[in-house]
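Report on the structure given below.
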Amino acid sequence: MARLFIEMGDAKIDVEGSEDLLREVYADFRERLTTAPKKNVPRPIPRVPRMPRPKTGPLIRPGTLPGLSKKPELDNSLKLDGLAKALDKVGPKTQAEQILFFAMYLRDEKKISPCTVNQINTCFWTVRRKIKTPSNLNRAILDTANKKKWIDIDASGQVMILAVGESVFRGAVKG
C-alpha cells in the first residue's frame, strides 16, 4: 500500500491505496491544476525602459559659450564708487554669493541689466583689497548658474538674475 500527500496553499491531498489508484489521482490532480482558471495570481509587471531624469535646465559648459571663451577684461567705462561700502554692508562670503551680489549691485544701483562677465570682473577688481577674484572667474560664474541656479548666462556672456537668486539675496540682506 502506497501513500500520496500533496499540500499547495490551502489545498491538501492525502490518499492511501494501490499505486495505480495513486497514479490516477495524481494525473487527475495535475490535469485540474493546469486547466483550472487562475485566481489571484499576480501577473508579471511588464518592464518599462527607464527614462533619463529631466534636468532642471541646460548645463552650460565653458567652451560652449562664445562670451566665456576668453579671459574676462576690465570695463573702464564702469564707475563703481559706492561698491566697497555696499560690499561691507552685505558681506557675501562665497564666490557664488559675491557674483550674485555684484550682479544685483549693477542692476539695482547702476541700472545695468543684464550685466556682462567683464562688468562682474571689474567689480572684483574694484574691491580686490577686500575679496579675492576667483582664479577662473568664467568657471565660477558658470558654477553659480549651473549649481546654485541663482543667475542665468546666455551665449553672449550676459548675466541675468533669476527669481531664486533674488530671494536668496534679499534673505541675506535682511539676515
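Here's how to read the names in the C-alpha cells: chain A, B, ... by the order shown, residue numbers from 1 in each chain, ligand numbers from 1 in the order shown.
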As a ChimeraX atom specification, please: the residues near Ser113 (chain A) (cut-off 10 Å, only C-alpha atoms, same-chain neighbours under 4 positions excluded). /A:103-104,106-108,158-161
Write a file of the selected residues as an mmCIF file, in the first residue's frame, keeping C-alpha atoms.
data_model
loop_
_atom_site.group_PDB
_atom_site.id
_atom_site.type_symbol
_atom_site.label_atom_id
_atom_site.label_comp_id
_atom_site.auth_asym_id
_atom_site.auth_seq_id
_atom_site.Cartn_x
_atom_site.Cartn_y
_atom_site.Cartn_z
ATOM 1 C CA ALA A 103 25.040 91.316 -10.467
ATOM 2 C CA MET A 104 22.407 92.695 -8.058
ATOM 3 C CA LEU A 106 24.943 96.500 -11.081
ATOM 4 C CA ARG A 107 21.218 96.029 -11.677
ATOM 5 C CA ASP A 108 19.881 97.984 -8.691
ATOM 6 C CA GLN A 158 25.101 88.336 -20.477
ATOM 7 C CA VAL A 159 24.332 87.531 -16.826
ATOM 8 C CA MET A 160 20.705 87.727 -15.687
ATOM 9 C CA ILE A 161 19.469 87.302 -12.122
#
Go through region 79-155 of chain A and collect every residue that DSSP, computed from the backbone, puts in strand (DSSP E); the answer should be as a short mmCIF file (atom, residue, chain, number, x, y, z; two decimals) with N, CA and C atoms, in the first residue's frame.
data_model
loop_
_atom_site.label_atom_id
_atom_site.label_comp_id
_atom_site.auth_asym_id
_atom_site.auth_seq_id
_atom_site.Cartn_x
_atom_site.Cartn_y
_atom_site.Cartn_z
N CYS A 115 23.94 92.28 -16.89
CA CYS A 115 25.33 92.71 -16.86
C CYS A 115 26.18 91.69 -17.62
N THR A 116 27.45 92.02 -17.79
CA THR A 116 28.35 91.12 -18.51
C THR A 116 29.39 90.54 -17.56
N ILE A 151 21.64 82.66 -11.08
CA ILE A 151 21.76 83.52 -12.24
C ILE A 151 21.65 82.66 -13.48
N ASP A 152 21.46 83.32 -14.61
CA ASP A 152 21.46 82.63 -15.90
C ASP A 152 22.42 83.39 -16.80
N ILE A 153 23.05 82.68 -17.69
CA ILE A 153 24.00 83.31 -18.59
C ILE A 153 23.69 82.86 -20.00
#
As an NGL selection string, which residues of region 4-172 of chain A does DSSP assign to alpha helix (DSSP H)? :A and (19-35 or 83-90 or 95-108 or 117-126 or 137-143 or 163-172)
If you measure from CA of Ala145 (chain A) to CA of Lys132 (chain A), what distance in Å do you get, rounded to one decimal?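 Distance between the two atoms: 19.8 Å.
The shortest atom-to-atom distance to Gly165 (chain A), with only C-alpha atoms taken into account, belongs to A:Lys147 out of A:Lys147, A:Lys71, A:Arg3, A:Lys85.
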Skipping near chain neighbours, those fewer than 5 positions away, what residues fall within 9 Å of Lys130 (chain A) using only C-alpha atoms, listed as an MDAnalysis selection string? chainID A and resid 84 87:88
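Distances here use only C-alpha atoms; by that measure, the residue among A:Val168, A:Val15, A:Leu74, A:Ala96 closest to Ile120 (chain A) is A:Leu74.
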Residues near Ser135 (chain A), anyone? I mean within 12 Å using only C-alpha atoms, not counting same-chain ones fewer than 3 positions away, as a count of residues only. 10
